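With mmCIF, C-alpha atoms inside, this is input_24.cif:
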data_run
#
loop_
_atom_site.label_atom_id
_atom_site.label_comp_id
_atom_site.auth_asym_id
_atom_site.auth_seq_id
_atom_site.Cartn_x
_atom_site.Cartn_y
_atom_site.Cartn_z
CA MET A 1 0.00 0.00 0.00
CA ALA A 2 1.79 3.09 -1.22
CA ILE A 3 1.26 6.42 0.46
CA GLU A 4 3.05 9.50 -0.83
CA VAL A 5 4.41 11.67 1.98
CA ARG A 6 5.55 15.28 1.51
CA ILE A 7 8.36 16.22 3.86
CA PRO A 8 8.98 19.85 4.95
CA THR A 9 12.44 21.40 4.70
CA ILE A 10 13.10 21.12 8.43
CA LEU A 11 12.68 17.32 8.39
CA ARG A 12 14.55 16.56 5.19
CA SER A 13 17.72 15.83 7.15
CA HIS A 14 15.98 12.53 7.95
CA THR A 15 15.16 11.74 4.31
CA GLY A 16 18.51 12.48 2.70
CA GLY A 17 17.08 15.75 1.41
CA ALA A 18 14.10 14.11 -0.28
CA LYS A 19 10.95 16.24 -0.50
CA ILE A 20 8.65 13.30 -1.22
CA VAL A 21 8.99 9.78 0.17
CA GLU A 22 6.76 6.73 0.07
CA GLY A 23 5.54 4.62 2.90
CA ALA A 24 2.87 2.15 3.94
CA GLY A 25 0.46 1.64 6.80
CA ASP A 26 -3.20 1.23 7.70
CA THR A 27 -3.10 4.22 10.04
CA LEU A 28 -1.02 7.37 10.27
CA GLY A 29 0.83 5.91 13.25
CA ASP A 30 1.69 2.78 11.25
CA LEU A 31 2.89 4.94 8.38
CA PHE A 32 5.22 6.90 10.66
CA THR A 33 6.63 3.65 12.07
CA ASP A 34 7.21 2.38 8.54
CA LEU A 35 8.88 5.63 7.48
CA ASP A 36 11.10 5.59 10.56
CA SER A 37 12.50 2.21 9.52
CA ARG A 38 14.08 3.86 6.47
CA HIS A 39 14.34 7.47 7.66
CA ASP A 40 15.88 7.20 11.09
CA GLY A 41 14.61 9.67 13.66
CA LEU A 42 11.71 10.95 11.60
CA LYS A 43 9.05 9.49 13.88
CA GLY A 44 10.57 11.20 16.90
CA ARG A 45 10.02 14.55 15.21
CA LEU A 46 6.35 13.77 14.60
CA VAL A 47 5.25 11.84 17.67
CA THR A 48 5.89 12.73 21.31
CA ASP A 49 7.31 10.39 23.94
CA THR A 50 3.76 9.89 25.19
CA GLY A 51 2.59 8.76 21.76
CA ALA A 52 0.69 11.85 20.64
CA LEU A 53 1.08 13.82 17.45
CA HIS A 54 3.65 16.55 18.03
CA ARG A 55 2.19 20.04 18.31
CA PHE A 56 5.00 21.54 16.20
CA VAL A 57 3.76 19.86 13.03
CA ASN A 58 0.55 19.86 11.04
CA VAL A 59 -0.21 16.62 9.22
CA TYR A 60 -2.80 16.30 6.49
CA ILE A 61 -4.29 13.30 4.72
CA ASN A 62 -5.21 14.56 1.27
CA ASP A 63 -6.99 17.83 2.18
CA GLU A 64 -7.86 17.11 5.82
CA ASP A 65 -6.03 18.04 9.02
CA VAL A 66 -5.49 14.70 10.80
CA ARG A 67 -6.35 16.30 14.15
CA PHE A 68 -9.94 16.08 12.93
CA LEU A 69 -9.53 12.49 11.68
CA GLY A 70 -8.28 10.79 14.83
CA ALA A 71 -4.66 11.99 14.65
CA LEU A 72 -2.33 8.94 14.70
CA GLU A 73 -5.36 6.63 14.51
CA ALA A 74 -6.47 8.20 11.23
CA LYS A 75 -7.09 5.55 8.57
CA LEU A 76 -5.08 5.49 5.37
CA ASN A 77 -6.00 4.09 1.97
CA ASP A 78 -3.82 3.15 -0.95
CA GLY A 79 -3.07 6.24 -3.01
CA ASP A 80 -3.61 8.72 -0.18
CA SER A 81 -1.27 11.65 -0.01
CA VAL A 82 0.10 12.79 3.35
CA THR A 83 1.51 16.29 3.77
CA ILE A 84 3.58 17.35 6.76
CA LEU A 85 4.05 21.08 7.43
CA PRO A 86 5.69 22.85 10.34
CA ALA A 87 2.97 24.43 12.50
CA VAL A 88 3.43 28.19 12.35
CA ALA A 89 2.72 29.63 15.77
CA GLY A 90 4.27 31.64 18.55
CA GLY A 91 3.61 34.79 20.44
CA ALA A 92 4.78 37.17 23.06
CA LEU A 93 4.53 35.01 26.16
CA GLY A 94 6.19 31.80 27.26
CA PHE A 95 4.44 28.45 27.33
CA ALA A 96 3.23 28.61 30.90
CA ALA A 97 0.97 31.50 30.04
CA VAL A 98 -0.27 30.43 26.64
CA ALA A 99 -2.44 27.37 26.96
CA GLY A 100 -4.51 29.08 24.30
CA PRO A 101 -8.22 28.92 23.61
CA ARG A 102 -8.07 25.34 22.38
CA GLY A 103 -5.60 24.23 25.03
CA LEU A 104 -3.38 22.85 22.29
CA ARG A 105 -0.16 24.54 23.20
CA ALA A 106 0.08 24.12 26.95
CA GLU A 107 2.81 21.52 26.96
CA PRO A 108 6.41 22.71 26.80
CA PRO A 109 8.49 21.58 23.85
CA ALA A 110 10.44 18.38 24.27
CA GLY A 111 14.13 18.16 23.61
CA ARG A 112 14.93 21.85 23.43
CA MET B 113 20.17 40.25 5.68
CA LEU B 114 16.51 40.64 4.79
CA SER B 115 15.80 42.74 1.69
CA ILE B 116 12.19 43.80 1.42
CA ASP B 117 10.14 46.41 -0.42
CA ARG B 118 8.92 49.31 1.61
CA ALA B 119 5.40 48.77 0.23
CA ILE B 120 5.37 45.27 1.76
CA VAL B 121 6.72 46.53 5.09
CA ASP B 122 3.97 49.16 5.04
CA ALA B 123 1.34 46.48 4.36
CA ILE B 124 2.68 44.30 7.21
CA VAL B 125 2.62 47.25 9.60
CA ALA B 126 -0.92 48.15 8.50
CA HIS B 127 -1.98 44.53 9.15
CA ALA B 128 -0.38 44.60 12.61
CA ARG B 129 -2.08 47.92 13.42
CA ARG B 130 -5.44 46.65 12.17
CA ASP B 131 -5.35 43.56 14.39
CA HIS B 132 -3.86 45.31 17.44
CA PRO B 133 -4.18 44.48 20.36
CA ASP B 134 -4.36 40.91 19.00
CA GLU B 135 -1.24 39.56 17.38
CA ALA B 136 -1.20 39.59 13.58
CA CYS B 137 0.66 37.07 11.43
CA GLY B 138 1.42 36.27 7.83
CA VAL B 139 3.87 35.31 5.14
CA VAL B 140 5.77 37.00 2.37
CA ALA B 141 6.39 34.50 -0.39
CA GLY B 142 9.05 34.73 -3.04
CA PRO B 143 10.61 32.64 -5.80
CA ALA B 144 12.19 29.50 -4.30
CA GLY B 145 15.90 29.91 -3.77
CA SER B 146 15.86 33.65 -4.51
CA ASP B 147 15.55 34.98 -0.94
CA LEU B 148 13.35 37.73 -2.46
CA ALA B 149 10.19 38.58 -0.53
CA THR B 150 7.69 39.57 -3.20
CA ARG B 151 4.14 38.41 -2.41
CA HIS B 152 2.48 39.48 0.86
CA ILE B 153 -0.04 36.99 2.27
CA PRO B 154 -1.76 38.16 5.49
CA MET B 155 -2.93 35.12 7.46
CA GLU B 156 -5.68 34.69 10.04
CA ASN B 157 -4.49 34.41 13.62
CA ALA B 158 -6.58 31.35 14.52
CA ALA B 159 -5.79 31.94 18.21
CA ARG B 160 -7.15 35.53 18.11
CA SER B 161 -5.02 36.35 21.11
CA MET B 162 -3.00 39.27 22.42
CA THR B 163 -0.16 36.92 23.40
CA PHE B 164 -0.29 34.04 20.94
CA TYR B 165 -0.66 33.45 17.24
CA GLU B 166 -1.12 30.39 15.11
CA PHE B 167 -1.90 29.93 11.47
CA ASP B 168 -5.20 28.22 10.75
CA SER B 169 -4.06 24.76 9.63
CA MET B 170 -6.37 24.61 6.60
CA GLU B 171 -5.46 28.11 5.44
CA GLN B 172 -1.81 27.19 5.84
CA LEU B 173 -2.23 24.05 3.71
CA ARG B 174 -3.90 26.10 0.98
CA VAL B 175 -1.22 28.80 1.04
CA TRP B 176 1.71 26.35 1.22
CA ARG B 177 0.29 24.38 -1.74
CA GLU B 178 -0.18 27.57 -3.69
CA MET B 179 3.45 28.50 -3.03
CA ASP B 180 4.51 25.02 -4.13
CA ASP B 181 2.52 25.35 -7.37
CA ARG B 182 4.14 28.72 -8.06
CA ASP B 183 7.61 27.45 -7.15
CA GLU B 184 7.73 29.85 -4.22
CA ALA B 185 8.99 29.60 -0.66
CA PRO B 186 7.91 31.32 2.57
CA VAL B 187 10.73 33.87 2.51
CA VAL B 188 9.36 35.89 5.44
CA ILE B 189 7.16 34.71 8.29
CA TYR B 190 5.97 37.66 10.33
CA HIS B 191 3.96 38.33 13.43
CA SER B 192 3.38 41.16 15.83
CA HIS B 193 3.98 41.54 19.51
CA THR B 194 1.48 44.04 20.77
CA ALA B 195 2.77 44.85 24.26
CA THR B 196 6.41 43.75 24.20
CA GLU B 197 9.55 44.19 22.12
CA ALA B 198 10.05 42.80 18.62
CA TYR B 199 12.27 39.95 19.76
CA PRO B 200 11.47 36.21 19.45
CA SER B 201 9.92 34.74 22.61
CA ARG B 202 10.70 31.22 23.80
CA THR B 203 7.44 30.18 22.18
CA ASP B 204 8.49 31.71 18.87
CA VAL B 205 11.79 29.86 18.99
CA SER B 206 10.15 26.54 19.90
CA PHE B 207 7.81 26.70 16.93
CA ALA B 208 10.20 28.12 14.35
CA GLY B 209 10.04 25.39 11.70
CA GLU B 210 11.22 27.10 8.53
CA PRO B 211 15.02 27.22 8.74
CA ASP B 212 15.30 29.21 5.49
CA ALA B 213 12.77 31.89 6.49
CA HIS B 214 13.36 35.37 7.82
CA TYR B 215 11.33 35.74 11.00
CA LEU B 216 10.12 39.34 10.98
CA LEU B 217 8.69 40.75 14.19
CA VAL B 218 6.76 43.99 14.48
CA SER B 219 6.04 45.56 17.86
CA THR B 220 2.96 47.76 18.01
CA ARG B 221 3.28 48.56 21.71
CA GLU B 222 3.99 52.24 20.93
CA PRO B 223 0.95 53.94 19.37
CA ASP B 224 2.87 56.06 16.87
CA SER B 225 5.96 54.10 15.91
CA GLU B 226 6.74 50.47 15.09
CA GLU B 227 9.76 48.46 16.00
CA ILE B 228 10.65 46.07 13.14
CA ARG B 229 13.36 43.45 13.48
CA SER B 230 14.31 40.34 11.55
CA PHE B 231 15.83 37.08 12.73
CA ARG B 232 17.00 33.70 11.58
CA ILE B 233 15.86 30.94 13.90
CA VAL B 234 17.61 27.65 13.22
CA ALA B 235 17.64 24.69 15.62
CA GLY B 236 16.67 26.93 18.52
CA VAL B 237 19.38 29.52 17.84
CA VAL B 238 18.23 33.11 17.22
CA THR B 239 20.41 35.36 15.06
CA GLU B 240 19.34 38.93 14.38
CA GLU B 241 20.00 40.23 10.89
CA LYS B 242 20.06 43.52 9.07
CA VAL B 243 16.90 44.76 7.33
CA CYS B 244 17.34 46.39 3.94
CA ILE B 245 14.38 48.46 2.72
CA LEU B 246 14.17 48.55 -1.07
CA ASP B 247 12.85 51.59 -2.94
CA ALA B 248 13.04 53.69 0.18
CA GLY B 249 14.08 56.58 -2.03
CA VAL B 250 10.46 57.06 -3.04
CA ASP B 251 9.66 58.50 0.35
CA PRO B 252 12.60 58.21 2.73
CA HIS B 253 10.95 60.27 5.46
CA ALA B 254 8.11 57.79 5.82
CA VAL B 255 10.56 54.95 6.45
CA GLN B 256 12.17 56.80 9.29
CA SER B 257 8.98 56.65 11.31
CA TYR B 258 9.83 52.98 11.89
CA MET B 259 12.32 52.11 14.56
CA PHE B 260 14.44 49.22 13.39
CA GLY B 261 15.67 47.39 16.41
CA GLN B 262 17.89 49.06 18.90
CA SER B 263 20.48 50.21 16.43
CA PRO B 264 19.04 52.19 13.52
CA ALA B 265 22.52 52.29 12.00
CA THR B 266 22.07 48.67 10.94
CA VAL B 267 19.32 49.63 8.49
CA ASP B 268 20.48 50.34 4.99
CA TYR B 269 17.57 52.31 3.55
CA GLU B 270 18.83 52.54 0.00
CA CYS B 271 20.65 49.24 0.02
CA SER B 272 23.86 50.84 -1.16
CA GLY B 273 26.07 48.48 -3.02
CA ARG B 274 23.21 46.79 -4.82
#

Output the file's structure as structure tokens, nothing else.
Amino acid sequence: MAIEVRIPTILRSHTGGAKIVEGAGDTLGDLFTDLDSRHDGLKGRLVTDTGALHRFVNVYINDEDVRFLGALEAKLNDGDSVTILPAVAGGALGFAAVAGPRGLRAEPPAGR
Amino acid sequence: MLSIDRAIVDAIVAHARRDHPDEACGVVAGPAGSDLATRHIPMENAARSMTFYEFDSMEQLRVWREMDDRDEAPVVIYHSHTATEAYPSRTDVSFAGEPDAHYLLVSTREPDSEEIRSFRIVAGVVTEEKVCILDAGVDPHAVQSYMFGQSPATVDYECSGR
């Protein structure tokens, strides 16, 4: 089952510079595990230690944000296209003060 | 160094003023590999907050695809700080995910002048850079109402040497 995955600039160090790679999996989580077997360290940039989708990336299946499709549980079909983009966000205050209206950004970044 | 048209800087400042006291954000796209910021794209701040901004994920997908189709890159990613200085916060640094972009910050905390500064943010390291305003000769006095960082001497209004 071939899924085309578009890799943003910041993660291309894991794909030998490739902008598009192929992978397989029934769910997004499976796909990331499959990709990680050939692109070492990629999964760690997409999934947190606690097994959630990292808040610093946006992931889309075709035209949908996977946060609305079950995140890592989102189902994949042959021929789907997955796009990964860096989430663009920030602001004047530090993390402690910016849980935000959706509560999405309350957790401090890992590994920085 | 960031080279940018005065008309685009004016449009960014107008956007920041319009959304004040909420933070404003957007992109200036340009031909991939050129480092030229040519197409201003104001974005929604999906957080609608005075202390936080985030691109709407669906708008971002649309804009990033459009750039891809036009062989463009996000040359500048800008946002405003509305009560503090134009310097990247820890949050800004944590999220900075475009290593080739110029991160432009505008502070609108003063009612009648704007502080505009530009940074590279790569792997958590912030490096301030010079801002070069193109075509400033059209109306040099208008440009001087902006306060570029703490050292106005680092701004090359006419981009001498080009």

For segment 131-174 of chain B against segment 78-94 of chain A, with a cut-off of 10 Å and counting all atoms listed in the file, what is the closest atom pair and its distance in Å to one decimal for every residue that makes the cut, ordered by chain and number, as a tab-separated table?
residue	atom	partner	partner_atom	distance
B:Glu135	CA	A:Gly91	CA	7.5
B:Ala136	CA	A:Gly91	CA	9.7
B:Cys137	CA	A:Ala89	CA	8.9
B:Gly138	CA	A:Val88	CA	9.5
B:Asn157	CA	A:Ala89	CA	8.9
B:Ala158	CA	A:Ala89	CA	9.5
B:Ala159	CA	A:Ala89	CA	9.1
B:Ser161	CA	A:Gly91	CA	8.8
B:Met162	CA	A:Ala92	CA	8.1
B:Thr163	CA	A:Ala92	CA	5.0
B:Phe164	CA	A:Gly91	CA	4.0
B:Tyr165	CA	A:Ala89	CA	5.3
B:Glu166	CA	A:Ala89	CA	4.0
B:Phe167	CA	A:Val88	CA	5.7
B:Asp168	CA	A:Val88	CA	8.8
B:Ser169	CA	A:Ala87	CA	7.6
B:Gln172	CA	A:Val88	CA	8.4
B:Leu173	CA	A:Leu85	CA	7.9

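Taking atom CA of Val218 of chain B and atom CA of Ala128 of chain B as endpoints, the distance between them is 7.4 Å.
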
Which residues would end up in the selection if the PyMOL selection byres ((chain B and resi 113) around 10) were applied here, given that I need the answer as a PDB file with C-alpha atoms, in the frame of the given file?
ATOM      1  CA  LEU B 114      16.510  40.640   4.790  1.00  0.00           C
ATOM      2  CA  SER B 115      15.800  42.740   1.690  1.00  0.00           C
ATOM      3  CA  ILE B 116      12.190  43.800   1.420  1.00  0.00           C
ATOM      4  CA  ASP B 147      15.550  34.980  -0.940  1.00  0.00           C
ATOM      5  CA  HIS B 214      13.360  35.370   7.820  1.00  0.00           C
ATOM      6  CA  SER B 230      14.310  40.340  11.550  1.00  0.00           C
ATOM      7  CA  PHE B 231      15.830  37.080  12.730  1.00  0.00           C
ATOM      8  CA  ARG B 232      17.000  33.700  11.580  1.00  0.00           C
ATOM      9  CA  GLU B 240      19.340  38.930  14.380  1.00  0.00           C
ATOM     10  CA  GLU B 241      20.000  40.230  10.890  1.00  0.00           C
ATOM     11  CA  LYS B 242      20.060  43.520   9.070  1.00  0.00           C
ATOM     12  CA  VAL B 243      16.900  44.760   7.330  1.00  0.00           C
ATOM     13  CA  CYS B 244      17.340  46.390   3.940  1.00  0.00           C
ATOM     14  CA  VAL B 267      19.320  49.630   8.490  1.00  0.00           C
TER      15      VAL B 267
END

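The spacing separating atom CA of Val234 of chain B from atom CA of Phe207 of chain B amounts to 10.5 Å.
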
Do you know which residues the PyMOL selection byres ((chain A and resi 11) around 12) returns on this file, as a tab-separated table (two decimals) with C-alpha atoms, keeping the file's coordinate frame?
chain	number	residue	atom	x	y	z
A	5	VAL	CA	4.41	11.67	1.98
A	6	ARG	CA	5.55	15.28	1.51
A	7	ILE	CA	8.36	16.22	3.86
A	8	PRO	CA	8.98	19.85	4.95
A	9	THR	CA	12.44	21.40	4.70
A	10	ILE	CA	13.10	21.12	8.43
A	12	ARG	CA	14.55	16.56	5.19
A	13	SER	CA	17.72	15.83	7.15
A	14	HIS	CA	15.98	12.53	7.95
A	15	THR	CA	15.16	11.74	4.31
A	16	GLY	CA	18.51	12.48	2.70
A	17	GLY	CA	17.08	15.75	1.41
A	18	ALA	CA	14.10	14.11	-0.28
A	19	LYS	CA	10.95	16.24	-0.50
A	20	ILE	CA	8.65	13.30	-1.22
A	21	VAL	CA	8.99	9.78	0.17
A	39	HIS	CA	14.34	7.47	7.66
A	40	ASP	CA	15.88	7.20	11.09
A	41	GLY	CA	14.61	9.67	13.66
A	42	LEU	CA	11.71	10.95	11.60
A	43	LYS	CA	9.05	9.49	13.88
A	44	GLY	CA	10.57	11.20	16.90
A	45	ARG	CA	10.02	14.55	15.21
A	46	LEU	CA	6.35	13.77	14.60
A	56	PHE	CA	5.00	21.54	16.20
A	57	VAL	CA	3.76	19.86	13.03
A	84	ILE	CA	3.58	17.35	6.76
A	85	LEU	CA	4.05	21.08	7.43
A	86	PRO	CA	5.69	22.85	10.34
B	209	GLY	CA	10.04	25.39	11.70
B	210	GLU	CA	11.22	27.10	8.53
B	211	PRO	CA	15.02	27.22	8.74
B	235	ALA	CA	17.64	24.69	15.62

Convert the output of the PyMOL selection byres ((chain A and resi 74) around 9) on the shown file into explicit residues, formatted as an mmCIF file with C-alpha atoms, keeping the file's coordinate frame.
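Just written: expr_33.cif:
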data_model
loop_
_atom_site.group_PDB
_atom_site.id
_atom_site.type_symbol
_atom_site.label_atom_id
_atom_site.label_comp_id
_atom_site.auth_asym_id
_atom_site.auth_seq_id
_atom_site.Cartn_x
_atom_site.Cartn_y
_atom_site.Cartn_z
ATOM 1 C CA ASP A 26 -3.200 1.230 7.700
ATOM 2 C CA THR A 27 -3.100 4.220 10.040
ATOM 3 C CA LEU A 28 -1.020 7.370 10.270
ATOM 4 C CA GLY A 29 0.830 5.910 13.250
ATOM 5 C CA ILE A 61 -4.290 13.300 4.720
ATOM 6 C CA VAL A 66 -5.490 14.700 10.800
ATOM 7 C CA ARG A 67 -6.350 16.300 14.150
ATOM 8 C CA PHE A 68 -9.940 16.080 12.930
ATOM 9 C CA LEU A 69 -9.530 12.490 11.680
ATOM 10 C CA GLY A 70 -8.280 10.790 14.830
ATOM 11 C CA ALA A 71 -4.660 11.990 14.650
ATOM 12 C CA LEU A 72 -2.330 8.940 14.700
ATOM 13 C CA GLU A 73 -5.360 6.630 14.510
ATOM 14 C CA LYS A 75 -7.090 5.550 8.570
ATOM 15 C CA LEU A 76 -5.080 5.490 5.370
#

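Here atom CA of Glu197 of chain B is placed at a distance of 24.0 Å from atom CA of Leu246 of chain B.
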
For a quick check of understanding, using all atoms listed in the file, which of B:Arg229, B:Arg177, B:His127, B:Arg151 has the smallest distance to chain A?
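Residue with the minimum atom-to-atom distance to chain A: B:Arg177.
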
Which residues come within 9 Å of Val125 of chain B, counting only C-alpha atoms, excluding same-chain residues fewer than 2 positions away, as a ChimeraX atom specification?
/B:120-123,127-130,192,218,220,226,228

Between B:Asp117, B:Asp134, B:Asp181, B:Glu222, single out the one closest to chain A, counting only C-alpha atoms.
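Checking each candidate against chain A, we get B:Asp134 as the closest.
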
Distance criterion (all atoms listed in the file): nearest to chain A out of B:Pro200, B:Pro223, B:Gly145, B:Pro133:
B:Pro200

With all atoms listed in the file as the atoms that count, which of B:Ile245, B:Met170, B:Arg221, B:Glu184 lies nearest to chain A?
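For chain A, the nearest of the given residues is B:Met170.
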
Please, what is the axis-aligned box for every listed atom of segment 11-14 of chain A with 3 Å on each side, as centre and edge lengths in Å to one decimal, as JSON?
{"center_x": 15.2, "center_y": 14.9, "center_z": 6.8, "size_x": 11.0, "size_y": 10.8, "size_z": 9.2}

Residue with smallest distance to chain A - pool B:Glu227, B:Ile233, B:His191, B:Tyr215, counting only C-alpha atoms
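Closest candidate: B:His191.
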
Which of B:Val140, B:Ala208, B:Ala149, B:Leu216 sits closest to chain A [using all atoms listed in the file]:
B:Ala208
